[in-house]
Amino acid sequence: MRKKKEEYLTFGPLTVVIFVVICCVMMVLLYFFYKWLVYVMIAVFCIASSMSLYNCLAALIRKIPYGQCTILCRGKSVEVRLIFLAGLCIAVAVVWAVFRNEDRWAWILQDILGIAFCLNLIKTLKLPNFKSCVILLGLLLLYDVFFVFITPFITKNGESIMVELAAGPFGNNEKNDGNLVEATGQPSAPHEKLPVVIRVPKLTYFSVMSVCLMPVSILGFGDIIVPGLLIAYCRRFDVQTGSSYIYYVSSTVAYAIGMILTFVVLVLMKKGQPALLYLVPCTLITASVVAWRRKEMKKFWKGNNYQMMDHLDYATNEENPVMSGEQIVQQ
């Protein structure tokens, strides 16, 4: 049986730089044309997140050996359960789009769609080596710090561009200073917000009495995706070198430590923090120390030729479907 080759986008150093420049341009455009571009971002989020949710759930459903009846559609057999799944994912995105300003429960749908979007993007975008990881995480750390701490000295109202976009520039009642923020939702006229954050309400006495006054913690998608790309690279490096997942486990623990450190600083400073300021050093330093202790820094820095490995894996599976990718590495 022929194995379908998985498609993904590989980010080399030059591509990483171009990507960061595009992020900066988009940030500035959103700041000056928020009233119009916010609806474009909402539409893009609905389409991308529904597709991502489908990809995530389809991978789980395919493992279930029941309900595999198919129908023919344009000469191709399609599983009926996947058709219903696609309808469900579209319905979730549509319901969120219609009730996105409903503060009591719409955040649940946004978080589900957002998490699926982050997972699918981490799966699709791949960094070929640690060099690209350092460049991407380093540049985005500077990007995050600049738009949080430097832009208040440039803008007319003294607010950072990141804060304005995360909370919405109209009727902003969220007091924060970064991607990971503490926000207090006050009853006010609804205003459109960019769907680029995970919102987690904090249960308090006042929030039980009135949901509208519920404090909210916000974590940007970038704080999940950017370190996640490094962790995904560590996972692939472990598989191809047979290193017992030491890079993957250590980088995951480092991410958790960085997130805890972010929350600690958030509580001590009593204002939001750019999470990448703590996540990037924790994950990069940890991965570097592991590679140095295992004397694999040169290989870890340059990486392996993943495209060639995928090609070999694809060709070998055509000749011998039983052989796995790990067996190819061992040979």
# chains A, B, ... in the order shown; residues from 1 in each chain; ligands from 1
$ residues_around --residues "Ile112 of chain A" --least-positions-apart "5" --cutoff "12 Å" --atoms "only C-alpha atoms" --output "mmCIF file with N, CA, C and O atoms, in the first residue's frame"
data_model
loop_
_atom_site.group_PDB
_atom_site.id
_atom_site.type_symbol
_atom_site.label_atom_id
_atom_site.label_comp_id
_atom_site.auth_asym_id
_atom_site.auth_seq_id
_atom_site.Cartn_x
_atom_site.Cartn_y
_atom_site.Cartn_z
ATOM 1 N N CYS A 46 -11.959 32.077 11.028
ATOM 2 C CA CYS A 46 -13.040 31.098 10.908
ATOM 3 C C CYS A 46 -12.684 30.001 9.904
ATOM 4 O O CYS A 46 -12.883 28.807 10.169
ATOM 5 N N SER A 49 -9.355 28.051 11.236
ATOM 6 C CA SER A 49 -9.573 27.275 12.459
ATOM 7 C C SER A 49 -10.518 26.100 12.230
ATOM 8 O O SER A 49 -10.342 25.031 12.820
ATOM 9 N N SER A 50 -11.535 26.279 11.376
ATOM 10 C CA SER A 50 -12.435 25.158 11.076
ATOM 11 C C SER A 50 -11.694 24.049 10.344
ATOM 12 O O SER A 50 -11.887 22.858 10.634
ATOM 13 N N SER A 52 -8.466 23.511 10.593
ATOM 14 C CA SER A 52 -7.538 22.951 11.569
ATOM 15 C C SER A 52 -8.251 22.002 12.517
ATOM 16 O O SER A 52 -7.726 20.929 12.849
ATOM 17 N N LEU A 53 -9.438 22.399 12.960
ATOM 18 C CA LEU A 53 -10.209 21.524 13.849
ATOM 19 C C LEU A 53 -10.561 20.219 13.143
ATOM 20 O O LEU A 53 -10.502 19.139 13.754
ATOM 21 N N TYR A 54 -10.880 20.300 11.872
ATOM 22 C CA TYR A 54 -11.171 19.086 11.101
ATOM 23 C C TYR A 54 -9.938 18.186 11.021
ATOM 24 O O TYR A 54 -10.029 16.969 11.227
ATOM 25 N N CYS A 56 -7.398 17.983 13.032
ATOM 26 C CA CYS A 56 -7.082 17.407 14.337
ATOM 27 C C CYS A 56 -8.035 16.271 14.695
ATOM 28 O O CYS A 56 -7.601 15.200 15.139
ATOM 29 N N LEU A 57 -9.329 16.494 14.498
ATOM 30 C CA LEU A 57 -10.310 15.480 14.858
ATOM 31 C C LEU A 57 -10.317 14.313 13.877
ATOM 32 O O LEU A 57 -10.559 13.164 14.270
ATOM 33 N N CYS A 89 -17.354 20.918 12.214
ATOM 34 C CA CYS A 89 -16.294 21.918 12.372
ATOM 35 C C CYS A 89 -16.719 23.264 11.788
ATOM 36 O O CYS A 89 -16.452 24.324 12.381
ATOM 37 N N VAL A 92 -19.211 24.864 14.191
ATOM 38 C CA VAL A 92 -18.571 25.449 15.370
ATOM 39 C C VAL A 92 -18.012 26.831 15.038
ATOM 40 O O VAL A 92 -18.189 27.792 15.802
ATOM 41 N N ALA A 93 -17.339 26.939 13.891
ATOM 42 C CA ALA A 93 -16.773 28.230 13.488
ATOM 43 C C ALA A 93 -17.871 29.259 13.221
ATOM 44 O O ALA A 93 -17.734 30.436 13.583
ATOM 45 N N TRP A 96 -19.405 30.442 16.524
ATOM 46 C CA TRP A 96 -18.508 31.407 17.190
ATOM 47 C C TRP A 96 -18.573 32.761 16.499
ATOM 48 O O TRP A 96 -18.617 33.811 17.170
ATOM 49 N N TRP A 105 -19.887 32.546 27.150
ATOM 50 C CA TRP A 105 -19.499 31.207 26.698
ATOM 51 C C TRP A 105 -18.784 31.194 25.350
ATOM 52 O O TRP A 105 -18.194 30.169 24.982
ATOM 53 N N ALA A 106 -18.786 32.281 24.620
ATOM 54 C CA ALA A 106 -18.137 32.283 23.296
ATOM 55 C C ALA A 106 -16.638 32.032 23.386
ATOM 56 O O ALA A 106 -16.027 31.515 22.442
ATOM 57 N N TRP A 107 -16.035 32.371 24.546
ATOM 58 C CA TRP A 107 -14.597 32.156 24.713
ATOM 59 C C TRP A 107 -14.254 30.668 24.645
ATOM 60 O O TRP A 107 -13.117 30.304 24.257
ATOM 61 N N PHE A 117 -6.111 25.485 15.762
ATOM 62 C CA PHE A 117 -5.336 26.274 14.797
ATOM 63 C C PHE A 117 -3.847 26.209 15.121
ATOM 64 O O PHE A 117 -3.008 26.019 14.221
ATOM 65 N N CYS A 118 -3.496 26.354 16.392
ATOM 66 C CA CYS A 118 -2.085 26.311 16.797
ATOM 67 C C CYS A 118 -1.473 24.939 16.527
ATOM 68 O O CYS A 118 -0.351 24.838 16.005
ATOM 69 N N LEU A 119 -2.191 23.875 16.865
ATOM 70 C CA LEU A 119 -1.679 22.519 16.649
ATOM 71 C C LEU A 119 -1.473 22.235 15.162
ATOM 72 O O LEU A 119 -0.452 21.656 14.767
ATOM 73 N N PRO A 195 -9.287 37.637 16.992
ATOM 74 C CA PRO A 195 -9.335 36.276 17.543
ATOM 75 C C PRO A 195 -7.970 35.605 17.478
ATOM 76 O O PRO A 195 -7.792 34.567 16.835
ATOM 77 N N VAL A 197 -6.046 35.084 20.453
ATOM 78 C CA VAL A 197 -5.647 34.797 21.822
ATOM 79 C C VAL A 197 -6.499 33.669 22.398
ATOM 80 O O VAL A 197 -7.613 33.411 21.947
ATOM 81 N N ILE A 198 -5.943 33.014 23.394
ATOM 82 C CA ILE A 198 -6.674 32.056 24.209
ATOM 83 C C ILE A 198 -7.156 32.803 25.444
ATOM 84 O O ILE A 198 -6.356 33.407 26.164
ATOM 85 N N ARG A 199 -8.465 32.760 25.705
ATOM 86 C CA ARG A 199 -9.040 33.462 26.852
ATOM 87 C C ARG A 199 -9.473 32.448 27.905
ATOM 88 O O ARG A 199 -10.215 31.515 27.602
ATOM 89 N N VAL A 200 -9.006 32.664 29.128
ATOM 90 C CA VAL A 200 -9.344 31.760 30.229
ATOM 91 C C VAL A 200 -9.889 32.587 31.384
ATOM 92 O O VAL A 200 -9.125 33.294 32.053
#
$ residues_around --residues "segment 249-263 of chain A" --least-positions-apart "2" --cutoff "9 Å" --atoms "only C-alpha atoms" --output "number ranges by chain"
A: 180, 227-228, 230-231, 234-235, 245-247, 265-268, 272-287, 290
$ residues_around --residues "Asp144 of chain A" --least-positions-apart "5" --cutoff "10 Å" --atoms "only C-alpha atoms" --output "PyMOL selection string"
chain A and resi 24+138-139+149-150+162+178-179+222-223+274-277
$ closest_residue --among "A:Ile122, A:Phe11, A:Tyr39, A:Val25" --to "Arg100 of chain A" --atoms "only C-alpha atoms"
A:Tyr39
$ residues_around --residues "Ser160 of chain A" --least-positions-apart "5" --cutoff "7 Å" --atoms "only C-alpha atoms" --output "PDB file with all heavy atoms, in the first residue's frame"
ATOM      1  N   PHE A 147       7.073  45.714  20.367  1.00  0.00           N
ATOM      2  CA  PHE A 147       5.678  46.149  20.264  1.00  0.00           C
ATOM      3  C   PHE A 147       4.991  46.238  21.621  1.00  0.00           C
ATOM      4  O   PHE A 147       3.905  46.819  21.723  1.00  0.00           O
ATOM      5  CB  PHE A 147       4.902  45.210  19.345  1.00  0.00           C
ATOM      6  CG  PHE A 147       5.127  45.480  17.887  1.00  0.00           C
ATOM      7  CD1 PHE A 147       5.963  44.660  17.145  1.00  0.00           C
ATOM      8  CD2 PHE A 147       4.533  46.558  17.257  1.00  0.00           C
ATOM      9  CE1 PHE A 147       6.185  44.897  15.799  1.00  0.00           C
ATOM     10  CE2 PHE A 147       4.744  46.811  15.918  1.00  0.00           C
ATOM     11  CZ  PHE A 147       5.586  45.979  15.179  1.00  0.00           C
ATOM     12  N   VAL A 148       5.619  45.690  22.676  1.00  0.00           N
ATOM     13  CA  VAL A 148       5.033  45.806  24.010  1.00  0.00           C
ATOM     14  C   VAL A 148       5.645  46.954  24.793  1.00  0.00           C
ATOM     15  O   VAL A 148       4.936  47.785  25.372  1.00  0.00           O
ATOM     16  CB  VAL A 148       5.200  44.484  24.798  1.00  0.00           C
ATOM     17  CG1 VAL A 148       4.773  44.666  26.258  1.00  0.00           C
ATOM     18  CG2 VAL A 148       4.382  43.383  24.159  1.00  0.00           C
ATOM     19  N   PHE A 149       6.990  47.040  24.828  1.00  0.00           N
ATOM     20  CA  PHE A 149       7.661  47.995  25.700  1.00  0.00           C
ATOM     21  C   PHE A 149       8.157  49.261  25.009  1.00  0.00           C
ATOM     22  O   PHE A 149       8.302  50.306  25.647  1.00  0.00           O
ATOM     23  CB  PHE A 149       8.851  47.314  26.393  1.00  0.00           C
ATOM     24  CG  PHE A 149       8.443  46.210  27.329  1.00  0.00           C
ATOM     25  CD1 PHE A 149       8.940  44.922  27.164  1.00  0.00           C
ATOM     26  CD2 PHE A 149       7.558  46.444  28.369  1.00  0.00           C
ATOM     27  CE1 PHE A 149       8.571  43.901  28.025  1.00  0.00           C
ATOM     28  CE2 PHE A 149       7.181  45.427  29.227  1.00  0.00           C
ATOM     29  CZ  PHE A 149       7.690  44.154  29.054  1.00  0.00           C
ATOM     30  N   THR A 151       6.925  50.591  21.797  1.00  0.00           N
ATOM     31  CA  THR A 151       5.906  51.375  21.085  1.00  0.00           C
ATOM     32  C   THR A 151       5.142  52.373  21.955  1.00  0.00           C
ATOM     33  O   THR A 151       4.633  53.364  21.404  1.00  0.00           O
ATOM     34  CB  THR A 151       4.904  50.446  20.373  1.00  0.00           C
ATOM     35  OG1 THR A 151       4.363  49.494  21.323  1.00  0.00           O
ATOM     36  CG2 THR A 151       5.578  49.701  19.243  1.00  0.00           C
ATOM     37  N   PRO A 152       5.009  52.185  23.292  1.00  0.00           N
ATOM     38  CA  PRO A 152       4.349  53.237  24.081  1.00  0.00           C
ATOM     39  C   PRO A 152       5.033  54.587  24.000  1.00  0.00           C
ATOM     40  O   PRO A 152       4.393  55.631  24.190  1.00  0.00           O
ATOM     41  CB  PRO A 152       4.403  52.685  25.505  1.00  0.00           C
ATOM     42  CG  PRO A 152       4.406  51.211  25.334  1.00  0.00           C
ATOM     43  CD  PRO A 152       5.223  50.970  24.105  1.00  0.00           C
TER      44      PRO A 152
END
$ atom_distance --atom1 "atom CA of Tyr66 of chain A" --atom2 "atom CA of Ala86 of chain A"
17.8 Å
$ select_by_dssp --residues "segment 5-157 of chain A" --states "strand (DSSP E or B)" --output "JSON, numbers by chain"
{"A": [9, 10, 70, 71, 72, 73, 76, 77, 78, 79, 125, 126]}
$ atom_distance --atom1 "atom CA of Val94 of chain A" --atom2 "atom CA of Val78 of chain A"
23.7 Å
$ closest_residue --among "A:Ala58, A:Ala232, A:Ile218, A:Leu165" --to "Met26 of chain A" --atoms "only C-alpha atoms"
A:Leu165
$ closest_residue --among "A:Phe33, A:Phe130, A:Phe84, A:Trp292" --to "Tyr233 of chain A" --atoms "only C-alpha atoms"
A:Phe130
$ atom_distance --atom1 "atom CA of Lys295 of chain A" --atom2 "atom CA of Thr241 of chain A"
12.7 Å
$ residues_around --residues "Tyr31 of chain A" --least-positions-apart "4" --cutoff "8 Å" --atoms "only C-alpha atoms" --output "PDB file with N, CA, C and O atoms, in the first residue's frame"
ATOM      1  N   MET A  27       1.275  43.932  11.810  1.00  0.00           N
ATOM      2  CA  MET A  27       0.984  44.562  13.092  1.00  0.00           C
ATOM      3  C   MET A  27       0.711  46.057  12.916  1.00  0.00           C
ATOM      4  O   MET A  27      -0.253  46.601  13.479  1.00  0.00           O
ATOM      5  N   ILE A 161       1.324  49.013  21.014  1.00  0.00           N
ATOM      6  CA  ILE A 161       0.545  48.513  19.889  1.00  0.00           C
ATOM      7  C   ILE A 161       0.037  47.102  20.176  1.00  0.00           C
ATOM      8  O   ILE A 161      -1.099  46.756  19.844  1.00  0.00           O
ATOM      9  N   GLU A 164      -3.022  47.316  22.403  1.00  0.00           N
ATOM     10  CA  GLU A 164      -4.163  47.851  21.683  1.00  0.00           C
ATOM     11  C   GLU A 164      -4.814  46.784  20.800  1.00  0.00           C
ATOM     12  O   GLU A 164      -6.038  46.685  20.728  1.00  0.00           O
ATOM     13  N   LEU A 165      -3.987  45.988  20.147  1.00  0.00           N
ATOM     14  CA  LEU A 165      -4.525  44.979  19.246  1.00  0.00           C
ATOM     15  C   LEU A 165      -5.050  43.762  19.988  1.00  0.00           C
ATOM     16  O   LEU A 165      -6.046  43.159  19.582  1.00  0.00           O
TER      17      LEU A 165
END
$ closest_residue --among "A:Leu194, A:Lys302, A:Ile225, A:Ser243" --to "Val44 of chain A" --atoms "only C-alpha atoms"
A:Leu194
$ select_by_dssp --residues "segment 196-309 of chain A" --states "alpha helix (DSSP H)" --output "PyMOL selection string"
chain A and resi 205-209+222-241+246-269+276-293+297-302+306-309
$ residues_around --residues "Val196 of chain A" --least-positions-apart "3" --cutoff "8 Å" --atoms "only C-alpha atoms" --output "list in words"
Gly114, Ala166, Gly220 and Phe221 of chain A
$ write_last_selection --atoms "N, CA, C and O atoms" --output "mmCIF file, in the first residue's frame"
data_model
loop_
_atom_site.group_PDB
_atom_site.id
_atom_site.type_symbol
_atom_site.label_atom_id
_atom_site.label_comp_id
_atom_site.auth_asym_id
_atom_site.auth_seq_id
_atom_site.Cartn_x
_atom_site.Cartn_y
_atom_site.Cartn_z
ATOM 1 N N GLY A 114 -8.958 28.007 18.514
ATOM 2 C CA GLY A 114 -7.595 28.534 18.583
ATOM 3 C C GLY A 114 -6.569 27.455 18.852
ATOM 4 O O GLY A 114 -5.485 27.441 18.242
ATOM 5 N N ALA A 166 -4.413 43.384 21.089
ATOM 6 C CA ALA A 166 -4.851 42.206 21.846
ATOM 7 C C ALA A 166 -6.192 42.450 22.522
ATOM 8 O O ALA A 166 -7.057 41.575 22.571
ATOM 9 N N GLY A 220 -1.495 34.805 23.880
ATOM 10 C CA GLY A 220 -1.494 34.929 22.426
ATOM 11 C C GLY A 220 -1.146 33.621 21.731
ATOM 12 O O GLY A 220 -0.415 32.793 22.271
ATOM 13 N N PHE A 221 -1.676 33.443 20.520
ATOM 14 C CA PHE A 221 -1.367 32.256 19.737
ATOM 15 C C PHE A 221 0.137 32.122 19.494
ATOM 16 O O PHE A 221 0.674 31.009 19.463
#
$ closest_residue --among "A:Ile135, A:Leu109, A:Leu85, A:Ala116" --to "Ile18 of chain A" --atoms "only C-alpha atoms"
A:Ile135
$ decode --residues "segment 238-252 of chain A" --atoms "N, CA and C atoms" --output "compact mmCIF listing (two decimals), in the first residue's frame"
# COMPACT_ATOMS: atom_id res chain seq x y z
N ASP A 238 14.82 13.82 17.89
CA ASP A 238 14.87 12.63 18.74
C ASP A 238 14.57 11.37 17.95
N VAL A 239 13.54 11.43 17.10
CA VAL A 239 13.14 10.25 16.33
C VAL A 239 14.23 9.85 15.35
N GLN A 240 14.85 10.82 14.69
CA GLN A 240 15.82 10.51 13.65
C GLN A 240 17.19 10.13 14.21
N THR A 241 17.48 10.51 15.45
CA THR A 241 18.77 10.16 16.05
C THR A 241 18.63 9.08 17.11
N GLY A 242 17.39 8.67 17.40
CA GLY A 242 17.18 7.63 18.40
C GLY A 242 17.64 8.03 19.79
N SER A 243 17.39 9.27 20.19
CA SER A 243 17.88 9.79 21.47
C SER A 243 16.84 9.70 22.58
N SER A 244 15.89 8.79 22.48
CA SER A 244 14.93 8.50 23.56
C SER A 244 14.13 9.73 24.00
N TYR A 245 13.84 10.61 23.08
CA TYR A 245 12.97 11.77 23.33
C TYR A 245 13.52 12.71 24.40
N ILE A 246 14.83 12.72 24.60
CA ILE A 246 15.41 13.59 25.63
C ILE A 246 15.25 15.05 25.27
N TYR A 247 15.41 15.39 23.99
CA TYR A 247 15.26 16.78 23.56
C TYR A 247 13.80 17.23 23.69
N TYR A 248 12.90 16.37 23.28
CA TYR A 248 11.47 16.70 23.33
C TYR A 248 10.99 16.90 24.76
N VAL A 249 11.33 15.98 25.63
CA VAL A 249 10.88 16.07 27.03
C VAL A 249 11.49 17.29 27.72
N SER A 250 12.78 17.51 27.53
CA SER A 250 13.44 18.63 28.20
C SER A 250 12.92 19.97 27.72
N SER A 251 12.67 20.11 26.41
CA SER A 251 12.14 21.38 25.88
C SER A 251 10.70 21.61 26.32
N THR A 252 9.93 20.53 26.45
CA THR A 252 8.55 20.66 26.95
C THR A 252 8.54 21.11 28.40
